[in-house]
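Enquirer: Structure supplied as structure-v4.cif; contents: mmCIF, N, CA and C atoms.
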```
data_structure
loop_
_atom_site.label_atom_id
_atom_site.label_comp_id
_atom_site.auth_asym_id
_atom_site.auth_seq_id
_atom_site.Cartn_x
_atom_site.Cartn_y
_atom_site.Cartn_z
N MET V 22 0.86 -1.19 0.00
CA MET V 22 0.00 0.00 0.00
C MET V 22 0.89 1.23 0.00
N SER V 23 0.67 2.09 -0.94
CA SER V 23 1.46 3.30 -1.07
C SER V 23 0.59 4.50 -0.74
N VAL V 24 0.94 5.22 0.32
CA VAL V 24 0.18 6.40 0.72
C VAL V 24 0.99 7.63 0.34
N THR V 25 0.37 8.55 -0.38
CA THR V 25 1.06 9.75 -0.82
C THR V 25 0.21 10.97 -0.48
N THR V 26 0.86 12.12 -0.50
CA THR V 26 0.12 13.37 -0.36
C THR V 26 0.40 14.21 -1.57
N ALA V 27 -0.59 14.95 -1.98
CA ALA V 27 -0.43 15.90 -3.09
C ALA V 27 -0.33 17.29 -2.49
N GLY V 28 0.88 17.75 -2.24
CA GLY V 28 1.06 19.05 -1.59
C GLY V 28 0.44 19.01 -0.21
N ASP V 29 -0.45 19.93 0.06
CA ASP V 29 -1.18 19.95 1.33
C ASP V 29 -2.51 19.25 1.17
N GLY V 30 -2.71 18.52 0.10
CA GLY V 30 -3.99 17.90 -0.22
C GLY V 30 -4.30 16.72 0.68
N PRO V 31 -5.41 16.07 0.38
CA PRO V 31 -5.86 14.95 1.18
C PRO V 31 -4.94 13.74 1.01
N TRP V 32 -4.93 12.87 2.01
CA TRP V 32 -4.15 11.66 1.93
C TRP V 32 -4.82 10.73 0.94
N LEU V 33 -4.02 10.18 0.03
CA LEU V 33 -4.54 9.29 -0.99
C LEU V 33 -3.78 7.97 -0.93
N ASP V 34 -4.49 6.89 -1.21
CA ASP V 34 -3.91 5.58 -1.34
C ASP V 34 -4.03 5.20 -2.81
N ASP V 35 -2.94 4.72 -3.41
CA ASP V 35 -2.96 4.42 -4.84
C ASP V 35 -4.09 3.47 -5.22
N ALA V 36 -4.37 2.49 -4.41
CA ALA V 36 -5.40 1.50 -4.73
C ALA V 36 -6.78 1.92 -4.22
N ALA V 37 -6.84 2.46 -3.01
CA ALA V 37 -8.14 2.73 -2.37
C ALA V 37 -8.66 4.13 -2.64
N GLY V 38 -7.79 5.05 -3.01
CA GLY V 38 -8.24 6.43 -3.21
C GLY V 38 -8.12 7.22 -1.93
N ARG V 39 -9.07 8.15 -1.72
CA ARG V 39 -9.05 9.04 -0.56
C ARG V 39 -9.20 8.22 0.73
N LEU V 40 -8.33 8.49 1.72
CA LEU V 40 -8.39 7.78 3.00
C LEU V 40 -9.36 8.44 3.98
N VAL V 41 -9.65 9.71 3.77
CA VAL V 41 -10.61 10.42 4.62
C VAL V 41 -11.84 10.69 3.77
N ARG V 42 -12.99 10.23 4.22
CA ARG V 42 -14.23 10.42 3.46
C ARG V 42 -14.57 11.90 3.40
N PRO V 43 -15.07 12.37 2.24
CA PRO V 43 -15.32 13.80 2.07
C PRO V 43 -16.23 14.41 3.14
N TYR V 44 -17.28 13.70 3.54
CA TYR V 44 -18.20 14.29 4.50
C TYR V 44 -17.64 14.34 5.91
N THR V 45 -16.52 13.66 6.13
CA THR V 45 -15.81 13.80 7.40
C THR V 45 -15.21 15.20 7.48
N ILE V 46 -14.79 15.72 6.36
CA ILE V 46 -14.17 17.04 6.30
C ILE V 46 -15.16 18.13 6.70
N SER V 47 -16.43 17.94 6.32
CA SER V 47 -17.46 18.95 6.65
C SER V 47 -18.24 18.56 7.90
N ASN V 48 -17.72 17.65 8.68
CA ASN V 48 -18.38 17.17 9.91
C ASN V 48 -19.78 16.65 9.63
N GLY V 49 -19.97 16.04 8.48
CA GLY V 49 -21.25 15.46 8.12
C GLY V 49 -22.27 16.46 7.61
N ARG V 50 -21.91 17.75 7.59
CA ARG V 50 -22.85 18.76 7.11
C ARG V 50 -22.96 18.69 5.60
N THR V 51 -24.16 18.83 5.09
CA THR V 51 -24.37 18.77 3.65
C THR V 51 -24.97 20.06 3.10
N ARG V 52 -25.37 20.97 3.95
CA ARG V 52 -25.99 22.22 3.49
C ARG V 52 -25.14 23.41 3.92
N PRO V 53 -24.71 24.21 2.94
CA PRO V 53 -23.95 25.41 3.28
C PRO V 53 -24.86 26.47 3.88
N THR V 54 -24.30 27.32 4.71
CA THR V 54 -25.07 28.41 5.30
C THR V 54 -25.15 29.61 4.36
N ALA V 55 -24.22 29.72 3.43
CA ALA V 55 -24.23 30.80 2.44
C ALA V 55 -24.83 30.28 1.14
N ALA V 56 -25.50 31.16 0.42
CA ALA V 56 -26.10 30.78 -0.86
C ALA V 56 -25.02 30.73 -1.93
N LEU V 57 -24.61 29.53 -2.30
CA LEU V 57 -23.56 29.35 -3.30
C LEU V 57 -24.06 28.37 -4.36
N ASP V 58 -23.76 28.68 -5.62
CA ASP V 58 -23.96 27.67 -6.64
C ASP V 58 -22.61 27.45 -7.32
N LEU V 59 -22.54 26.55 -8.26
CA LEU V 59 -21.25 26.19 -8.85
C LEU V 59 -20.57 27.34 -9.59
N LEU V 60 -21.36 28.30 -10.05
CA LEU V 60 -20.79 29.43 -10.79
C LEU V 60 -20.55 30.66 -9.92
N SER V 61 -20.93 30.60 -8.64
CA SER V 61 -20.68 31.73 -7.74
C SER V 61 -19.18 31.97 -7.64
N GLN V 62 -18.81 33.24 -7.61
CA GLN V 62 -17.40 33.62 -7.47
C GLN V 62 -17.10 33.84 -6.00
N VAL V 63 -16.00 33.28 -5.52
CA VAL V 63 -15.55 33.49 -4.15
C VAL V 63 -14.16 34.11 -4.19
N ARG V 64 -13.88 34.97 -3.20
CA ARG V 64 -12.60 35.67 -3.16
C ARG V 64 -12.23 35.93 -1.71
N ALA V 65 -10.97 35.78 -1.39
CA ALA V 65 -10.47 36.06 -0.04
C ALA V 65 -10.60 37.55 0.25
N THR V 66 -11.00 37.87 1.46
CA THR V 66 -11.15 39.27 1.86
C THR V 66 -9.85 39.84 2.42
N GLY V 67 -8.95 38.98 2.83
CA GLY V 67 -7.71 39.44 3.44
C GLY V 67 -7.77 39.47 4.95
N SER V 68 -8.97 39.35 5.52
CA SER V 68 -9.07 39.32 6.98
C SER V 68 -8.78 37.91 7.48
N THR V 69 -8.12 37.86 8.62
CA THR V 69 -7.72 36.58 9.19
C THR V 69 -8.86 36.00 10.03
N PRO V 70 -9.25 34.75 9.76
CA PRO V 70 -10.30 34.12 10.57
C PRO V 70 -9.82 33.92 12.00
N LEU V 71 -10.75 34.01 12.92
CA LEU V 71 -10.42 33.75 14.32
C LEU V 71 -10.26 32.24 14.52
N GLY V 72 -9.26 31.87 15.24
CA GLY V 72 -9.03 30.46 15.53
C GLY V 72 -8.33 29.76 14.38
N PRO V 73 -7.87 28.55 14.66
CA PRO V 73 -7.15 27.79 13.63
C PRO V 73 -8.11 27.27 12.55
N LEU V 74 -7.59 27.14 11.35
CA LEU V 74 -8.37 26.59 10.24
C LEU V 74 -8.01 25.13 10.03
N ALA V 75 -9.01 24.35 9.62
CA ALA V 75 -8.73 22.97 9.22
C ALA V 75 -7.90 23.04 7.94
N PRO V 76 -7.10 22.02 7.65
CA PRO V 76 -6.26 22.06 6.45
C PRO V 76 -7.04 22.32 5.17
N GLU V 77 -8.23 21.75 5.05
CA GLU V 77 -9.04 21.95 3.85
C GLU V 77 -9.54 23.38 3.74
N HIS V 78 -9.88 23.99 4.88
CA HIS V 78 -10.29 25.39 4.88
C HIS V 78 -9.13 26.28 4.43
N ALA V 79 -7.94 26.01 4.97
CA ALA V 79 -6.77 26.80 4.61
C ALA V 79 -6.43 26.64 3.13
N GLN V 80 -6.54 25.42 2.63
CA GLN V 80 -6.25 25.17 1.22
C GLN V 80 -7.27 25.91 0.34
N ALA V 81 -8.55 25.85 0.70
CA ALA V 81 -9.60 26.55 -0.06
C ALA V 81 -9.35 28.05 -0.03
N LEU V 82 -9.00 28.57 1.12
CA LEU V 82 -8.73 30.01 1.23
C LEU V 82 -7.55 30.42 0.35
N GLY V 83 -6.53 29.58 0.29
CA GLY V 83 -5.38 29.86 -0.55
C GLY V 83 -5.72 29.90 -2.04
N LEU V 84 -6.72 29.12 -2.43
CA LEU V 84 -7.14 29.09 -3.84
C LEU V 84 -7.94 30.33 -4.23
N CYS V 85 -8.41 31.07 -3.23
CA CYS V 85 -9.34 32.18 -3.48
C CYS V 85 -8.67 33.55 -3.40
N ARG V 86 -7.39 33.62 -3.68
CA ARG V 86 -6.71 34.93 -3.64
C ARG V 86 -7.27 35.88 -4.69
N SER V 87 -7.69 35.33 -5.80
CA SER V 87 -8.39 36.11 -6.82
C SER V 87 -9.76 35.44 -7.01
N PRO V 88 -10.73 36.14 -7.59
CA PRO V 88 -12.06 35.55 -7.75
C PRO V 88 -12.01 34.23 -8.52
N VAL V 89 -12.67 33.25 -7.98
CA VAL V 89 -12.67 31.90 -8.57
C VAL V 89 -14.05 31.28 -8.37
N PRO V 90 -14.56 30.54 -9.36
CA PRO V 90 -15.87 29.91 -9.19
C PRO V 90 -15.79 28.74 -8.22
N VAL V 91 -16.89 28.47 -7.56
CA VAL V 91 -16.98 27.38 -6.60
C VAL V 91 -16.59 26.05 -7.26
N ALA V 92 -17.02 25.83 -8.49
CA ALA V 92 -16.72 24.58 -9.19
C ALA V 92 -15.21 24.38 -9.34
N GLU V 93 -14.48 25.45 -9.59
CA GLU V 93 -13.04 25.34 -9.75
C GLU V 93 -12.36 25.02 -8.42
N VAL V 94 -12.85 25.61 -7.34
CA VAL V 94 -12.30 25.29 -6.02
C VAL V 94 -12.53 23.81 -5.71
N ALA V 95 -13.73 23.31 -6.00
CA ALA V 95 -14.04 21.89 -5.77
C ALA V 95 -13.11 21.00 -6.57
N ALA V 96 -12.83 21.38 -7.81
CA ALA V 96 -11.95 20.58 -8.66
C ALA V 96 -10.53 20.56 -8.09
N HIS V 97 -10.02 21.71 -7.66
CA HIS V 97 -8.67 21.76 -7.10
C HIS V 97 -8.57 20.98 -5.79
N LEU V 98 -9.62 21.04 -4.99
CA LEU V 98 -9.60 20.33 -3.71
C LEU V 98 -9.89 18.84 -3.87
N ARG V 99 -10.40 18.46 -5.04
CA ARG V 99 -10.80 17.08 -5.30
C ARG V 99 -11.85 16.62 -4.31
N LEU V 100 -12.82 17.50 -4.09
CA LEU V 100 -13.92 17.22 -3.17
C LEU V 100 -15.24 17.38 -3.92
N PRO V 101 -16.29 16.69 -3.47
CA PRO V 101 -17.60 16.93 -4.07
C PRO V 101 -18.03 18.38 -3.88
N ALA V 102 -18.82 18.87 -4.82
CA ALA V 102 -19.27 20.26 -4.76
C ALA V 102 -20.01 20.56 -3.47
N ALA V 103 -20.82 19.63 -2.99
CA ALA V 103 -21.59 19.86 -1.75
C ALA V 103 -20.66 20.09 -0.56
N VAL V 104 -19.60 19.32 -0.47
CA VAL V 104 -18.64 19.47 0.63
C VAL V 104 -17.89 20.79 0.48
N THR V 105 -17.49 21.10 -0.75
CA THR V 105 -16.78 22.35 -1.00
C THR V 105 -17.63 23.56 -0.64
N LYS V 106 -18.92 23.51 -0.97
CA LYS V 106 -19.81 24.62 -0.62
C LYS V 106 -19.89 24.81 0.88
N VAL V 107 -19.90 23.72 1.66
CA VAL V 107 -19.93 23.83 3.12
C VAL V 107 -18.64 24.47 3.63
N LEU V 108 -17.49 24.03 3.10
CA LEU V 108 -16.21 24.62 3.52
C LEU V 108 -16.15 26.11 3.18
N LEU V 109 -16.57 26.45 1.97
CA LEU V 109 -16.54 27.85 1.57
C LEU V 109 -17.51 28.70 2.37
N SER V 110 -18.67 28.15 2.69
CA SER V 110 -19.64 28.92 3.49
C SER V 110 -19.12 29.14 4.91
N ASP V 111 -18.35 28.19 5.43
CA ASP V 111 -17.70 28.41 6.73
C ASP V 111 -16.79 29.62 6.66
N LEU V 112 -16.03 29.72 5.57
CA LEU V 112 -15.10 30.84 5.40
C LEU V 112 -15.84 32.16 5.15
N VAL V 113 -16.98 32.10 4.48
CA VAL V 113 -17.82 33.30 4.30
C VAL V 113 -18.35 33.74 5.66
N ASP V 114 -18.82 32.79 6.46
CA ASP V 114 -19.40 33.10 7.77
C ASP V 114 -18.39 33.76 8.71
N CYS V 115 -17.11 33.38 8.60
CA CYS V 115 -16.11 33.98 9.50
C CYS V 115 -15.47 35.23 8.89
N GLY V 116 -15.93 35.64 7.71
CA GLY V 116 -15.44 36.88 7.11
C GLY V 116 -14.18 36.74 6.28
N ALA V 117 -13.69 35.52 6.09
CA ALA V 117 -12.46 35.32 5.33
C ALA V 117 -12.70 35.33 3.82
N LEU V 118 -13.92 35.05 3.39
CA LEU V 118 -14.27 35.04 1.97
C LEU V 118 -15.47 35.93 1.72
N THR V 119 -15.53 36.44 0.52
CA THR V 119 -16.72 37.15 0.06
C THR V 119 -17.22 36.40 -1.16
N THR V 120 -18.51 36.47 -1.41
CA THR V 120 -19.08 35.75 -2.53
C THR V 120 -19.88 36.68 -3.42
N LYS V 121 -19.91 36.35 -4.68
CA LYS V 121 -20.64 37.14 -5.66
C LYS V 121 -21.37 36.16 -6.57
N PRO V 122 -22.68 36.37 -6.75
CA PRO V 122 -23.40 35.46 -7.65
C PRO V 122 -22.87 35.62 -9.07
N PRO V 123 -23.07 34.59 -9.89
CA PRO V 123 -22.60 34.71 -11.28
C PRO V 123 -23.25 35.89 -11.98
N ALA V 124 -22.54 36.46 -12.94
CA ALA V 124 -23.02 37.65 -13.65
C ALA V 124 -24.37 37.39 -14.31
N HIS V 125 -24.52 36.27 -14.92
CA HIS V 125 -25.80 35.93 -15.55
C HIS V 125 -25.84 34.43 -15.77
N HIS V 126 -27.03 33.91 -15.73
CA HIS V 126 -27.24 32.49 -16.01
C HIS V 126 -27.78 32.35 -17.42
N HIS V 127 -27.20 31.45 -18.14
CA HIS V 127 -27.74 31.13 -19.46
C HIS V 127 -28.76 30.02 -19.29
N ASN V 128 -29.77 30.04 -20.12
CA ASN V 128 -30.73 28.95 -20.14
C ASN V 128 -29.99 27.72 -20.65
N PRO V 129 -29.90 26.63 -19.84
CA PRO V 129 -29.13 25.47 -20.27
C PRO V 129 -29.71 24.78 -21.50
N THR V 130 -30.95 25.10 -21.84
CA THR V 130 -31.54 24.50 -23.03
C THR V 130 -31.58 25.48 -24.20
N ASP V 131 -30.88 26.60 -24.08
CA ASP V 131 -30.81 27.59 -25.14
C ASP V 131 -30.09 26.97 -26.34
N ARG V 132 -30.76 26.89 -27.45
CA ARG V 132 -30.24 26.21 -28.63
C ARG V 132 -28.92 26.83 -29.10
N SER V 133 -28.82 28.15 -29.12
CA SER V 133 -27.59 28.79 -29.61
C SER V 133 -26.41 28.48 -28.68
N LEU V 134 -26.67 28.42 -27.38
CA LEU V 134 -25.60 28.07 -26.44
C LEU V 134 -25.14 26.64 -26.66
N LEU V 135 -26.08 25.72 -26.80
CA LEU V 135 -25.74 24.32 -27.01
C LEU V 135 -24.98 24.13 -28.33
N GLU V 136 -25.38 24.86 -29.36
CA GLU V 136 -24.67 24.77 -30.64
C GLU V 136 -23.26 25.31 -30.53
N ALA V 137 -23.08 26.38 -29.77
CA ALA V 137 -21.74 26.94 -29.58
C ALA V 137 -20.84 25.96 -28.82
N VAL V 138 -21.38 25.30 -27.82
CA VAL V 138 -20.62 24.30 -27.07
C VAL V 138 -20.25 23.14 -27.99
N LEU V 139 -21.21 22.65 -28.77
CA LEU V 139 -20.95 21.56 -29.70
C LEU V 139 -19.88 21.95 -30.72
N ASP V 140 -19.96 23.17 -31.25
CA ASP V 140 -18.98 23.64 -32.21
C ASP V 140 -17.59 23.68 -31.58
N GLY V 141 -17.51 24.17 -30.35
CA GLY V 141 -16.22 24.21 -29.64
C GLY V 141 -15.65 22.83 -29.41
N LEU V 142 -16.50 21.88 -29.06
CA LEU V 142 -16.04 20.50 -28.86
C LEU V 142 -15.55 19.89 -30.15
N ARG V 143 -16.25 20.14 -31.24
CA ARG V 143 -15.82 19.61 -32.54
C ARG V 143 -14.46 20.16 -32.94
N ARG V 144 -14.20 21.43 -32.64
CA ARG V 144 -12.90 22.01 -32.97
C ARG V 144 -11.78 21.40 -32.15
N GLN V 145 -12.10 20.92 -30.94
CA GLN V 145 -11.09 20.30 -30.09
C GLN V 145 -10.73 18.90 -30.56
N LEU V 146 -11.65 18.26 -31.26
CA LEU V 146 -11.41 16.89 -31.72
C LEU V 146 -10.76 16.91 -33.03
#
```
Please express the file's structure as structure tokens.
Expert:
Amino acid sequence: MSVTTAGDGPWLDDAAGRLVRPYTISNGRTRPTAALDLLSQVRATGSTPLGPLAPEHAQALGLCRSPVPVAEVAAHLRLPAAVTKVLLSDLVDCGALTTKPPAHHHNPTDRSLLEAVLDGLRRQL
């Protein structure tokens, strides 16, 4: 069994994957206290949270030096979006992060948007 760490990331086992279950990180909480969706932008405020931060909170805060979408933070942390939203809302609640809703939502069934995505994918292939 080979256990490695990716920087300050979670402990991983080559065969088993993550050694700490994601919902352990959020203490079993599944609902964030702040209204966040995957496209919400989060950014560090520069104020220091009171008390020590869990490693995942500190890592998330480090990713938010400039505005970044929640989905991107989840991808970098390699955590489910629901867990990431809970971690980020903890940081919003203590004043370490600020959040901004996405500029605009596109209708996911908008034909022109879907055609543009398909065209972009075809160019990549």
Enquirer: If we count only C-alpha atoms, what is near V:Gly83 at a cut-off of 12 Å, once residues fewer than 3 positions away on the same chain are taken out, given as a VMD selection string?
Expert: chain V and resid 29 63 to 67 74 76 to 80 86 to 89 94 97 to 98 109 112 117 to 118
Enquirer: Quick check for you: according to DSSP on this backbone, which residues of stretch 83-144 of chain V are classed as strand (DSSP E or B)? Reply as a ChimeraX atom specification.
Expert: /V:89-90,118-121
Enquirer: Any chance you could export the current selection's N, CA and C atoms as a PDB file, keeping the file's coordinate frame?
Expert:
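Saved the output as again.pdb:
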```pdb
ATOM      1  N   VAL V  89     -12.670  33.250  -7.980  1.00  0.00           N
ATOM      2  CA  VAL V  89     -12.670  31.900  -8.570  1.00  0.00           C
ATOM      3  C   VAL V  89     -14.050  31.280  -8.370  1.00  0.00           C
ATOM      4  N   PRO V  90     -14.560  30.540  -9.360  1.00  0.00           N
ATOM      5  CA  PRO V  90     -15.870  29.910  -9.190  1.00  0.00           C
ATOM      6  C   PRO V  90     -15.790  28.740  -8.220  1.00  0.00           C
ATOM      7  N   LEU V 118     -13.920  35.050   3.390  1.00  0.00           N
ATOM      8  CA  LEU V 118     -14.270  35.040   1.970  1.00  0.00           C
ATOM      9  C   LEU V 118     -15.470  35.930   1.720  1.00  0.00           C
ATOM     10  N   THR V 119     -15.530  36.440   0.520  1.00  0.00           N
ATOM     11  CA  THR V 119     -16.720  37.150   0.060  1.00  0.00           C
ATOM     12  C   THR V 119     -17.220  36.400  -1.160  1.00  0.00           C
ATOM     13  N   THR V 120     -18.510  36.470  -1.410  1.00  0.00           N
ATOM     14  CA  THR V 120     -19.080  35.750  -2.530  1.00  0.00           C
ATOM     15  C   THR V 120     -19.880  36.680  -3.420  1.00  0.00           C
ATOM     16  N   LYS V 121     -19.910  36.350  -4.680  1.00  0.00           N
ATOM     17  CA  LYS V 121     -20.640  37.140  -5.660  1.00  0.00           C
ATOM     18  C   LYS V 121     -21.370  36.160  -6.570  1.00  0.00           C
TER      19      LYS V 121
END
```
Enquirer: Between atom CA of V:Ser133 and atom CA of V:Glu93, what is the distance, to one decimal in Å?
Expert: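 Separation of atom CA of V:Ser133 and atom CA of V:Glu93: 24.9 Å.
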Enquirer: Name the residues in contact with stretch 60-62 of chain V at a cut-off of 6 Å, using all atoms listed in the file, excluding same-chain residues fewer than 6 positions from it; report them as a list in words.
Expert: Pro88, Val89, Pro90, Val91, Ala92, Thr119, Thr120, Lys121, Pro122 and Pro123 of chain V
Enquirer: Keeping only N, CA and C atoms, write those residues as a PDB file, keeping the file's coordinate frame.
Expert:
```pdb
ATOM      1  N   PRO V  88     -10.730  36.140  -7.590  1.00  0.00           N
ATOM      2  CA  PRO V  88     -12.060  35.550  -7.750  1.00  0.00           C
ATOM      3  C   PRO V  88     -12.010  34.230  -8.520  1.00  0.00           C
ATOM      4  N   VAL V  89     -12.670  33.250  -7.980  1.00  0.00           N
ATOM      5  CA  VAL V  89     -12.670  31.900  -8.570  1.00  0.00           C
ATOM      6  C   VAL V  89     -14.050  31.280  -8.370  1.00  0.00           C
ATOM      7  N   PRO V  90     -14.560  30.540  -9.360  1.00  0.00           N
ATOM      8  CA  PRO V  90     -15.870  29.910  -9.190  1.00  0.00           C
ATOM      9  C   PRO V  90     -15.790  28.740  -8.220  1.00  0.00           C
ATOM     10  N   VAL V  91     -16.890  28.470  -7.560  1.00  0.00           N
ATOM     11  CA  VAL V  91     -16.980  27.380  -6.600  1.00  0.00           C
ATOM     12  C   VAL V  91     -16.590  26.050  -7.260  1.00  0.00           C
ATOM     13  N   ALA V  92     -17.020  25.830  -8.490  1.00  0.00           N
ATOM     14  CA  ALA V  92     -16.720  24.580  -9.190  1.00  0.00           C
ATOM     15  C   ALA V  92     -15.210  24.380  -9.340  1.00  0.00           C
ATOM     16  N   THR V 119     -15.530  36.440   0.520  1.00  0.00           N
ATOM     17  CA  THR V 119     -16.720  37.150   0.060  1.00  0.00           C
ATOM     18  C   THR V 119     -17.220  36.400  -1.160  1.00  0.00           C
ATOM     19  N   THR V 120     -18.510  36.470  -1.410  1.00  0.00           N
ATOM     20  CA  THR V 120     -19.080  35.750  -2.530  1.00  0.00           C
ATOM     21  C   THR V 120     -19.880  36.680  -3.420  1.00  0.00           C
ATOM     22  N   LYS V 121     -19.910  36.350  -4.680  1.00  0.00           N
ATOM     23  CA  LYS V 121     -20.640  37.140  -5.660  1.00  0.00           C
ATOM     24  C   LYS V 121     -21.370  36.160  -6.570  1.00  0.00           C
ATOM     25  N   PRO V 122     -22.680  36.370  -6.750  1.00  0.00           N
ATOM     26  CA  PRO V 122     -23.400  35.460  -7.650  1.00  0.00           C
ATOM     27  C   PRO V 122     -22.870  35.620  -9.070  1.00  0.00           C
ATOM     28  N   PRO V 123     -23.070  34.590  -9.890  1.00  0.00           N
ATOM     29  CA  PRO V 123     -22.600  34.710 -11.280  1.00  0.00           C
ATOM     30  C   PRO V 123     -23.250  35.890 -11.980  1.00  0.00           C
TER      31      PRO V 123
END
```
Enquirer: Measure the distance from atom C of V:Ala96 to atom CA of V:Arg132 in Å and round it to one decimal.
Expert: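 Computing the Euclidean distance for atom C of V:Ala96 and atom CA of V:Arg132 yields 29.0 Å.
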Enquirer: Distance atom C of V:Ser68-atom N of V:Ala103, one decimal place?
Expert: 24.3 Å
Enquirer: Using the chain letters and numbers from this file, what does the PyMOL selection byres ((chain V and resi 106) around 8) select? Give the answer as a list in words.
Expert: Thr51, Arg52, Pro53, Thr54, Ala55, Leu57, Asp58, Val91, Val94, Ala95, Leu100, Pro101, Ala102, Ala103, Val104, Thr105, Val107, Leu108, Leu109, Ser110, Asp111 and Leu112 of chain V
